[in-house]
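A quick write-up on the structure given underneath.
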Protein chains: 2
Amino acid sequence: MVTLKDISARCGCSVATVSKALNGMPDISQETARHIRAVAAEMGYMPNAAARTLKTHRSRTIGLIMFLKNENVWTHDFFSQIAAGIQSITEEKGYDITPINAQKLGETDRLLNYCIHRGYDGLIVMSAGFGESDVQGLLSSRIPLVSIDHTFPGRSAVLSDNLQGTRELVRYAYSMGHRRIAFIHGEDTPVTQGRLKSFCAACEELSLDIPPEYLKPAIYHNMESAAQATRELLRLENRPTCILYQDDYCCIGTRNILEREGSPIPPEISVAGYDGTRLADMFLPRLTTFRQNSEMIGQEAAQMLLNAIENPQETHFRHITVPGSLIIGESIRRID
Amino acid sequence: MVTLKDISARCGCSVATVSKALNGMPDISQETARHIRAVAAEMGYMPNAAARTLKTHRSRTIGLIMFLKNENVWTHDFFSQIAAGIQSITEEKGYDITPINAQKLGETDRLLNYCIHRGYDGLIVMSAGFGESDVQGLLSSRIPLVSIDHTFPGRSAVLSDNLQGTRELVRYAYSMGHRRIAFIHGEDTPVTQGRLKSFCAACEELSLDIPPEYLKPAIYHNMESAAQATRELLRLENRPTCILYQDDYCCIGTRNILEREGSPIPPEISVAGYDGTRLADMFLPRLTTFRQNSEMIGQEAAQMLLNAIENPQETHFRHITVPGSLIIGESIRRID
DNA sequence: ACAGATTTCTTAATCGTTTAAGATATTATA
DNA sequence: TATAATATCTTAAACGATTAAGAAATCTGT
């Protein structure tokens, strides 16, 4: 490895001069700087990230913290798209990202300790479900942190517009003639609470009287739980005509499970997903769903985080809500 | 941040003693070591990764190098599963991983330079298509490297058993009565070459005479290219009865594209995918495909890499072939 | 021509850790 | 008891960069 010392030896000047020349400091003459840069380039110099980090306390690395039980960020269609959005921003600015499986790290202080150990410049926290206690350690630290679909006091967050999503789905189903709309929602998280609230509000607006048994709890990204909820809905005397699922994956998965066990969802019952991942439009009939702009969510989060990292004096935080868009497929059919 | 110095002050000994005690060096008395460890734990000490890296030249970080044109590791169903497999191993051993989009980094020496700069302990290279020149820099370096589905002289590699996969698909199609089997393959890469060779060998074994127009080039993970190849196959006078696709995504995508444009693949024509990703069994009818054991591929690669990193004296390299398994769905139908 | 300002470079400390080599005390050996 | 061996600790240098403070040379204005 070629170091500043090697360059300084070749140039006949001190390492300090080399360092400052390469960093564009003003107290180095144009001529010297040019020469040093030329020699550095010729020798194939690359700064040692560890040394720089040690001295400057900046690692140019950000941690991607996930809490997922039986999943991981790589194979989760929604979170992986967010991660892709994050990376598209960070790599432009020369930051590395490192996915961290918080579940495996165990208790919260081990997570914080690990982050301190690694010296991440900032963190992006995202997950389907995690308790405040899981991130307590992180929140009490001074590490810049942006959360996704979850707000923490004093910290910036990016939120997908779950109110809009649920609302638009309900209104669209209504416009297609549906009056008996069921909602299979995820486990109790802020996201779920928002969607539930919005679902009820939308129904109220439309003067729909939704019986309580139309609201079925299930688990995000767990198709068996959605299938079970669906079976229960189908057994009701007063069946819904339309079922909204917690995500595309569960909507499609349920359709398949029931079909394979010989009791398919009857054609007169409409279904809709949520997320608008690639899965949705690979399906026939094309799924009606609400597309969360996951890539933009990731990009916004990365941008806010980098901004917080590079302007530590600005301590204000923001909450950004990223709108999505209704994807009209064929899975909600018109009825009268 | 609490440092060795802080601990040494509290314990009334030198930083060297503290360092050695925490690292379990033999020349520290049991008693002292215990005390130091206790104090360290109480103070919440965490070693500074940058300082350690600077001194030891070990970053405990490995780079995941991808060459993908219009995709990224996050949203590619096959590669992301490999990445998940890699992470499952590395995180146990305390290594961080960092995905690197080699395409964006441009010329090869920038890639090498970046890796040197970051000081990755090792690299895993994977991709659909890349030239030898892209990795020349890396190969000439002394950084431990394991490639996936690609062999480089003197370097270890993990290969998915493409010969087995193609062979089993052909033989299965044959067993279902198919004699006119077409093969839409990916762009020219070692993987494609292997599959093509195996396809032809299997056909020969079975005395199948495959006309050259049954071999159609397309692009991995590009459903439009597969759809185009399919249209051409369907226009042939002597149509195939079974079409093998380059991957599940393209197989399913093609089905959808053709169906949506009103000229669906006729029911008498069977299709099969490749990869065996989640997509495949989310489909109805269930896709017949060959499952690559992507998670194990990632795990094997990570294991080999960590081994090479931690035993630098062992310079031998290995090629591991990970077998897959035929997934029998309903997309290849029996004919007579 | 000379004090002071400016430009350009160097010296030296520092970040937090590891580790070879040296020092001291303790124990074993003859 | 003198000496060698061992156990345990300390000193100090090093990893490769950044940066405050100081030094030397050049320039400015009067």
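By order of appearance in the structure tokens: chains A, B, ..., then residues from 1 within every chain, and ligands from 1 in the order shown.
When the distance limit is 8 Å and only C-alpha atoms (C1' of nucleotides) are what count, the residues near region 61-63 of chain B, minus those fewer than 4 positions from it on the same chain, are B:Tyr95, B:Asp96, B:Ile97, B:Thr98, B:Pro99, B:Ile100, B:Cys115, B:Gly119, B:Tyr120, B:Asp121, B:Gly122, B:Leu123, B:Ile124.
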| task | Taking the chain letters and numbering used in this document, name the residues of region 87-318 of chain B that DSSP puts in strand (DSSP E), as JSON, numbers by chain. | result | {"B": [96, 97, 98, 99, 100, 101, 122, 123, 124, 125, 126, 127, 145, 146, 147, 148, 156, 157, 158, 159, 160, 181, 182, 183, 184, 185, 215, 216, 217, 242, 243, 244, 270, 271, 272, 289, 290, 291]}
Please report as CSV every residue of chain C lying within 10 Å of region 1-15 of chain D, along with the nearest atom pair and their distance in Å (one decimal), using only C-alpha atoms (C1' of nucleotides).
residue,atom,partner,partner_atom,distance
C:DT17,C1',D:DC15,C1',9.0
C:DT18,C1',D:DA14,C1',8.7
C:DT19,C1',D:DA14,C1',9.2
C:DA20,C1',D:DA13,C1',9.0
C:DA21,C1',D:DT11,C1',8.9
C:DG22,C1',D:DT11,C1',7.6
C:DA23,C1',D:DT10,C1',7.4
C:DT24,C1',D:DC9,C1',8.0
C:DA25,C1',D:DT8,C1',8.3
C:DT26,C1',D:DA7,C1',7.4
C:DT27,C1',D:DT6,C1',7.2
C:DA28,C1',D:DA5,C1',7.2
C:DT29,C1',D:DA4,C1',7.5
C:DA30,C1',D:DT3,C1',9.0
Write the residues of the selection above to a file with N, CA and C atoms (P, O5', C5', C4', C3', O3' and C1' of nucleotides), as a short mmCIF file (atom, residue, chain, number, x, y, z; two decimals), in the first residue's frame.
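As a result, selection_16.cif now contains:
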data_model
loop_
_atom_site.label_atom_id
_atom_site.label_comp_id
_atom_site.auth_asym_id
_atom_site.auth_seq_id
_atom_site.Cartn_x
_atom_site.Cartn_y
_atom_site.Cartn_z
P DT C 17 -9.44 1.40 22.03
"O5'" DT C 17 -8.33 0.39 21.50
"C5'" DT C 17 -8.54 -0.30 20.31
"C4'" DT C 17 -7.25 -0.71 19.65
"C3'" DT C 17 -6.48 -1.82 20.32
"O3'" DT C 17 -6.90 -3.06 19.75
"C1'" DT C 17 -5.05 -0.14 19.32
P DT C 18 -6.34 -4.42 20.30
"O5'" DT C 18 -4.87 -4.49 19.68
"C5'" DT C 18 -4.71 -4.65 18.29
"C4'" DT C 18 -3.24 -4.72 17.95
"C3'" DT C 18 -2.50 -5.93 18.54
"O3'" DT C 18 -1.75 -6.50 17.50
"C1'" DT C 18 -1.34 -3.93 19.06
P DT C 19 -1.20 -7.97 17.60
"O5'" DT C 19 0.32 -7.74 18.02
"C5'" DT C 19 1.15 -6.91 17.21
"C4'" DT C 19 2.49 -6.72 17.90
"C3'" DT C 19 2.97 -7.93 18.71
"O3'" DT C 19 4.37 -8.04 18.53
"C1'" DT C 19 2.99 -6.03 20.04
P DA C 20 4.96 -9.49 18.25
"O5'" DA C 20 6.52 -9.15 18.17
"C5'" DA C 20 6.96 -8.13 17.28
"C4'" DA C 20 8.02 -7.28 17.96
"C3'" DA C 20 9.10 -8.08 18.69
"O3'" DA C 20 10.36 -7.45 18.45
"C1'" DA C 20 8.07 -6.59 20.21
P DA C 21 11.69 -8.17 18.87
"O5'" DA C 21 12.12 -7.32 20.15
"C5'" DA C 21 12.11 -5.90 20.06
"C4'" DA C 21 12.33 -5.33 21.45
"C3'" DA C 21 13.35 -6.11 22.27
"O3'" DA C 21 14.23 -5.18 22.88
"C1'" DA C 21 11.37 -5.84 23.50
P DG C 22 15.47 -5.65 23.75
"O5'" DG C 22 15.13 -4.99 25.17
"C5'" DG C 22 14.72 -3.61 25.21
"C4'" DG C 22 14.09 -3.34 26.57
"C3'" DG C 22 14.94 -3.80 27.75
"O3'" DG C 22 14.99 -2.75 28.71
"C1'" DG C 22 12.77 -4.67 27.94
P DA C 23 15.93 -2.88 29.96
"O5'" DA C 23 14.87 -3.06 31.13
"C5'" DA C 23 13.90 -2.04 31.36
"C4'" DA C 23 13.00 -2.49 32.49
"C3'" DA C 23 13.77 -2.95 33.74
"O3'" DA C 23 13.20 -2.28 34.85
"C1'" DA C 23 12.21 -4.61 33.06
P DT C 24 13.99 -2.19 36.23
"O5'" DT C 24 13.12 -3.12 37.18
"C5'" DT C 24 11.71 -2.96 37.20
"C4'" DT C 24 11.08 -4.20 37.76
"C3'" DT C 24 11.80 -4.78 38.99
"O3'" DT C 24 10.91 -4.66 40.08
"C1'" DT C 24 11.13 -6.47 37.47
P DA C 25 11.34 -5.00 41.55
"O5'" DA C 25 10.52 -6.35 41.80
"C5'" DA C 25 9.14 -6.39 41.45
"C4'" DA C 25 8.69 -7.83 41.39
"C3'" DA C 25 9.08 -8.67 42.61
"O3'" DA C 25 7.95 -9.43 42.99
"C1'" DA C 25 9.81 -9.73 40.65
P DT C 26 7.89 -10.13 44.42
"O5'" DT C 26 7.74 -11.66 44.04
"C5'" DT C 26 6.88 -12.03 42.96
"C4'" DT C 26 7.28 -13.39 42.43
"C3'" DT C 26 7.65 -14.41 43.51
"O3'" DT C 26 6.72 -15.49 43.47
"C1'" DT C 26 9.17 -14.47 41.69
P DT C 27 6.77 -16.66 44.55
"O5'" DT C 27 7.45 -17.82 43.70
"C5'" DT C 27 6.97 -18.17 42.42
"C4'" DT C 27 7.95 -19.09 41.73
"C3'" DT C 27 8.38 -20.29 42.57
"O3'" DT C 27 8.06 -21.49 41.88
"C1'" DT C 27 10.25 -19.22 41.55
P DA C 28 8.32 -22.89 42.53
"O5'" DA C 28 9.58 -23.34 41.69
"C5'" DA C 28 9.51 -23.32 40.26
"C4'" DA C 28 10.87 -23.66 39.67
"C3'" DA C 28 11.49 -24.96 40.19
"O3'" DA C 28 12.02 -25.66 39.08
"C1'" DA C 28 13.01 -23.18 40.50
P DT C 29 12.64 -27.12 39.30
"O5'" DT C 29 14.20 -26.81 39.26
"C5'" DT C 29 14.75 -26.13 38.12
"C4'" DT C 29 16.25 -26.05 38.27
"C3'" DT C 29 16.89 -27.30 38.85
"O3'" DT C 29 18.00 -27.69 38.05
"C1'" DT C 29 17.61 -25.38 40.05
P DA C 30 18.62 -29.11 38.21
"O5'" DA C 30 20.14 -28.83 38.62
"C5'" DA C 30 20.80 -27.66 38.15
"C4'" DA C 30 21.94 -27.34 39.09
"C3'" DA C 30 22.54 -28.58 39.76
"O3'" DA C 30 23.96 -28.61 39.57
"C1'" DA C 30 22.02 -26.93 41.39
#
Kindly provide the residues of chain B that approach chain A to within 9 Å, each paired with its closest atom pair and their distance in Å to one decimal, based on only C-alpha atoms, listed by chain and increasing number, as CSV.
residue,atom,partner,partner_atom,distance
B:Met1,CA,A:Ile116,CA,8.0
B:Gly44,CA,A:Asn113,CA,8.0
B:Tyr45,CA,A:Asn113,CA,8.3
B:Met46,CA,A:His117,CA,5.5
B:Pro47,CA,A:His117,CA,5.7
B:Asn48,CA,A:His117,CA,5.2
B:Ala49,CA,A:Arg118,CA,5.3
B:Ala50,CA,A:Ala50,CA,4.7
B:Ala51,CA,A:Leu54,CA,5.7
B:Arg52,CA,A:Ala50,CA,8.5
B:Thr53,CA,A:Ala50,CA,6.1
B:Leu54,CA,A:Ala50,CA,5.4
B:His57,CA,A:Ala50,CA,9.0
B:Ser59,CA,A:Ala50,CA,8.1
B:Asn72,CA,A:Ala84,CA,7.1
B:Val73,CA,A:Ala84,CA,8.0
B:Trp74,CA,A:Ser80,CA,5.3
B:Thr75,CA,A:Ser80,CA,6.2
B:Asp77,CA,A:Thr75,CA,7.2
B:Ser80,CA,A:Trp74,CA,5.3
B:Gln81,CA,A:Thr75,CA,6.3
B:Ile82,CA,A:Trp74,CA,8.9
B:Ala83,CA,A:Trp74,CA,7.0
B:Ala84,CA,A:Trp74,CA,5.8
B:Gln87,CA,A:Pro99,CA,8.8
B:Glu91,CA,A:Asn101,CA,8.2
B:Glu92,CA,A:Lys104,CA,8.8
B:Asp96,CA,A:Thr98,CA,6.4
B:Ile97,CA,A:Thr98,CA,5.8
B:Thr98,CA,A:Thr98,CA,5.2
B:Pro99,CA,A:Ile97,CA,7.2
B:Ile100,CA,A:Asp96,CA,8.1
B:Asn101,CA,A:Glu91,CA,8.2
B:Lys104,CA,A:Glu91,CA,8.5
B:Asn113,CA,A:Met46,CA,6.4
B:Tyr114,CA,A:Met46,CA,7.7
B:Ile116,CA,A:Met46,CA,7.1
B:His117,CA,A:Asn48,CA,5.2
B:Arg118,CA,A:Ala49,CA,5.3
B:Gly119,CA,A:Ala49,CA,7.3
B:Tyr249,CA,A:Met282,CA,8.8
B:Ile252,CA,A:Met282,CA,7.3
B:Gly253,CA,A:Met282,CA,6.4
B:Asn256,CA,A:Met282,CA,6.9
B:Glu259,CA,A:Leu284,CA,8.8
B:Arg260,CA,A:Leu284,CA,8.9
B:Leu279,CA,A:Leu279,CA,7.8
B:Met282,CA,A:Gly253,CA,6.4
B:Phe283,CA,A:Asn256,CA,7.4
B:Leu284,CA,A:Asn256,CA,6.9
| Selection: 12 Å around DG4 (chain C), only C-alpha atoms (C1' of nucleotides), excl. self and same-chain fewer than 3 positions, as a count of residues only | 4
